[in-house]
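A quick write-up on the structure given underneath.
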Amino acid sequence: MPGGPVAAGGGIGANAPKSKLAGILMTAFAAFGGILFGYDTGTISGIQQMPDWLRTFGHPVPVSSSFPDGYGISSSQRSLIVSILSAGTFFGALLAAPFADILGRKWGLVASCLVFSGGVALQTAATAIPLFVVGRVIAGLGVGLVSTLVPMYQSECSPKWIRGAVVSGYQFAITIGILLSNIFNNATKNRPNHSSYRIPIAIQFIWAAVLACGMAFLPESPRWLTKKHRDSDAAAALSRLTSLPPDHPEVVSELEEIRLNLKYEEELGEASYLDCFRSTDNRIRMRTLTGIFIQAWQQLTGINFIFYFGTAFFTNAGIRNPYLISIATSTVNVGMTVPGIWGVERFGRRRLLLVGAIGMTICEFIIAIIGSTTTQSNQSAQSAEVALVCFYIAFFASTWGPVTWVVTGEIFPLKIRAKAMSLSVASNWLWNFAIGYATPYMVDSGPGNANLGTKVFYIWGTTCFCCIVFAYFCIPETKGLSLEQIDVLYKNVTPLNSVSYRKRLIAQSNEFSDFKPPVARKDDDAASHEKV
């Protein structure tokens with residue numbers, strides 16, 4: 001699923017008591033930004049099947065199961081309307097870094113909400129496709145900014161011992177947004193006027209307002225404040241996040257560590273995108289490609305086929321109330337994300353990715369076989385397809401949904417982290433756009449279309465099998481390791497041997513818990529000396 005979190009920093013409060021709830025709740029609130037993207041994803045799926053929306057934006061077509069009211073849109077229009085949001089998010093993600101450096105993480109998020117609201121306003125007012133598409137692009141720009149700034153804020157402010165779970169909360173917020181959108185779509189779909197689609201769209205103003213107003217009361221990232229030489233403000237912000245006095249030794253020590261890390265970054269200089277693909281002893285090129293491809297494979301699981309085109313797909317499959325089925329699938333998505341957030345720290349990254357890919361592969365091939373060997377009038381086959389789609393979503397939501405983003409945030413060393421993460425996030429949005437644009441042509445009937453229908457799950461099943469191969473050979477186990485230890489792991493073993501080597505690193509860390517890294521040498525890679 002697109003728009004998920006990327007852990008961009010080392011967290012705070014390494015030695016603070018684990019019961020400090022204030023900092024966790026503060027940084028978890030930022031995950032509310034995921035509702036912006038999740039809600040929009042689910043909304044467009046239902047809106048494009050609403051009778052009034054089709055009469056307003058579509059054109060007369062022969063009455064069919066897909067367009068029972070005699071109005072519809074072409075495959076090219078459908079692909080443009082759905083996928084154009086991802087074009088905006090692609091550029092929003094690229095602009096997020098300078099946005100965050102200039103305005104800060106906190107006020108950058110507030111400004112992003114204003115950009116998003118501008119796009120929502122245009123979509124609400126639109127009565128023709130051109131203005132609606134422009135609104136989708138601008139809203140996408142805001143979502144792209146939020147999708148980078150939220151996890152950046154979270155990972156720089158959340159406690160280190162629960163960083164993965166807090167950052168994964170953004171993915172959970174996305175699933176809640178999808179569920180809410182399907183509920184509102186189902187409530188307004190039969191209204192006889194423009195309010196049928198304008199109400200679900202306009203509700204997005206509420207999500208943007210809640211995030212913007214809430215962020216205005218949260219502390220700024222201590223790391224950004226320190227970078228701007230606002231030391232007293234950084235101490236006050238860190239004090240709020242750790243629930244400790246500004247002059248507490250833990251706060252003083254943390255700020256000193258942040259200053260040393262920032263000083264070391266300045267000494268290293270700015271990395272170029274070319275540095276992300278250099279062959280080094282700690283496998284920089286492999287790690288960059290791993291981040292890019294894991295994001296690509298996440299999109300190629302086919303999950304957004306359900307959330308972008310689920311209502312239309314279930315309608316074409318002959319299912320009576322596709323809106324209720326969409327509510328059911330999004331409910332599964334929400335519920336099964338919770339075990340994923342827990343499991344990422346309990347079972348590890350590599351194991352969850354492998355289990356999830358295997359489960360999705362099995363479900364998708366069975367869906368494809370049932371769909372290609374039965375008819376629309378076979379109620380038992382339809383029920384089986386819906387059940388298997390729910391199982392498929394459950395496997396994704398508990399594994400590839402949150403874990404992909406945790407892995408992306410952990411595997412890059414300090415010097416190239418910002419550049420490598422931007423490449424990874426851009427890969428996600430690029431594939432999101434490509435799949436959203438191509439899917440109508442693959443699934444729809446008519447001239448120039450492949451008319452695959454349910455057979456498209458043969459494609460998704462094949463790509464999920466490739467996910468198994470990729471996870472087995474390319475994803476190391478990094479559960480419980482600091483970012484510094486991950487760099488050591490990449491230097492010494494391959495992903496195939498990472499499980500046993502990880503246990504050795506943790507054992508050494510427990511034995512030498514007060515170990516301090518040696519003084520950095522200029523020829524060392526940055527992340528080898530990162531203190532996390």
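Here, A, B, ... name the chains of the structure tokens in the order displayed, residue numbers run from 1 inside each chain, and ligands are numbered from 1 in the same displayed order.
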
**OP:** Name the residues of region 155-221 of chain A that fall into alpha helix (DSSP H) according to DSSP on the backbone, using the chain letters and numbers of this document, as a PyMOL selection string.
**Re:** chain A and resi 155-157+163-188+195-202+204-216

Original post:
Given the choices A:Glu477, A:Trp431, A:Cys464, A:Gly371, which gets closest to Ile411 (chain A) if the distance is worked out from only C-alpha atoms?
Top reply: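 Looking only at the distances to Ile411 (chain A), the closest residue turns out to be A:Glu477.
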
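Nearest to Pro151 (chain A) of all the residues A:Gly409, A:Gln123, A:Asn186, A:Ser383 is A:Gly409, based on only C-alpha atoms.
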
**OP:** Have a look at A:Ala100, A:Ala418, A:Ala93, A:Leu255 and name the one nearest to Arg230 (chain A); count only C-alpha atoms.
**Re:**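 Of all the options, A:Leu255 lies closest to Arg230 (chain A).
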
**OP:** Can you work out the spacing between CA of Arg504 (chain A) and CA of Leu489 (chain A) in Å, to one decimal?
**Re:** 10.1 Å
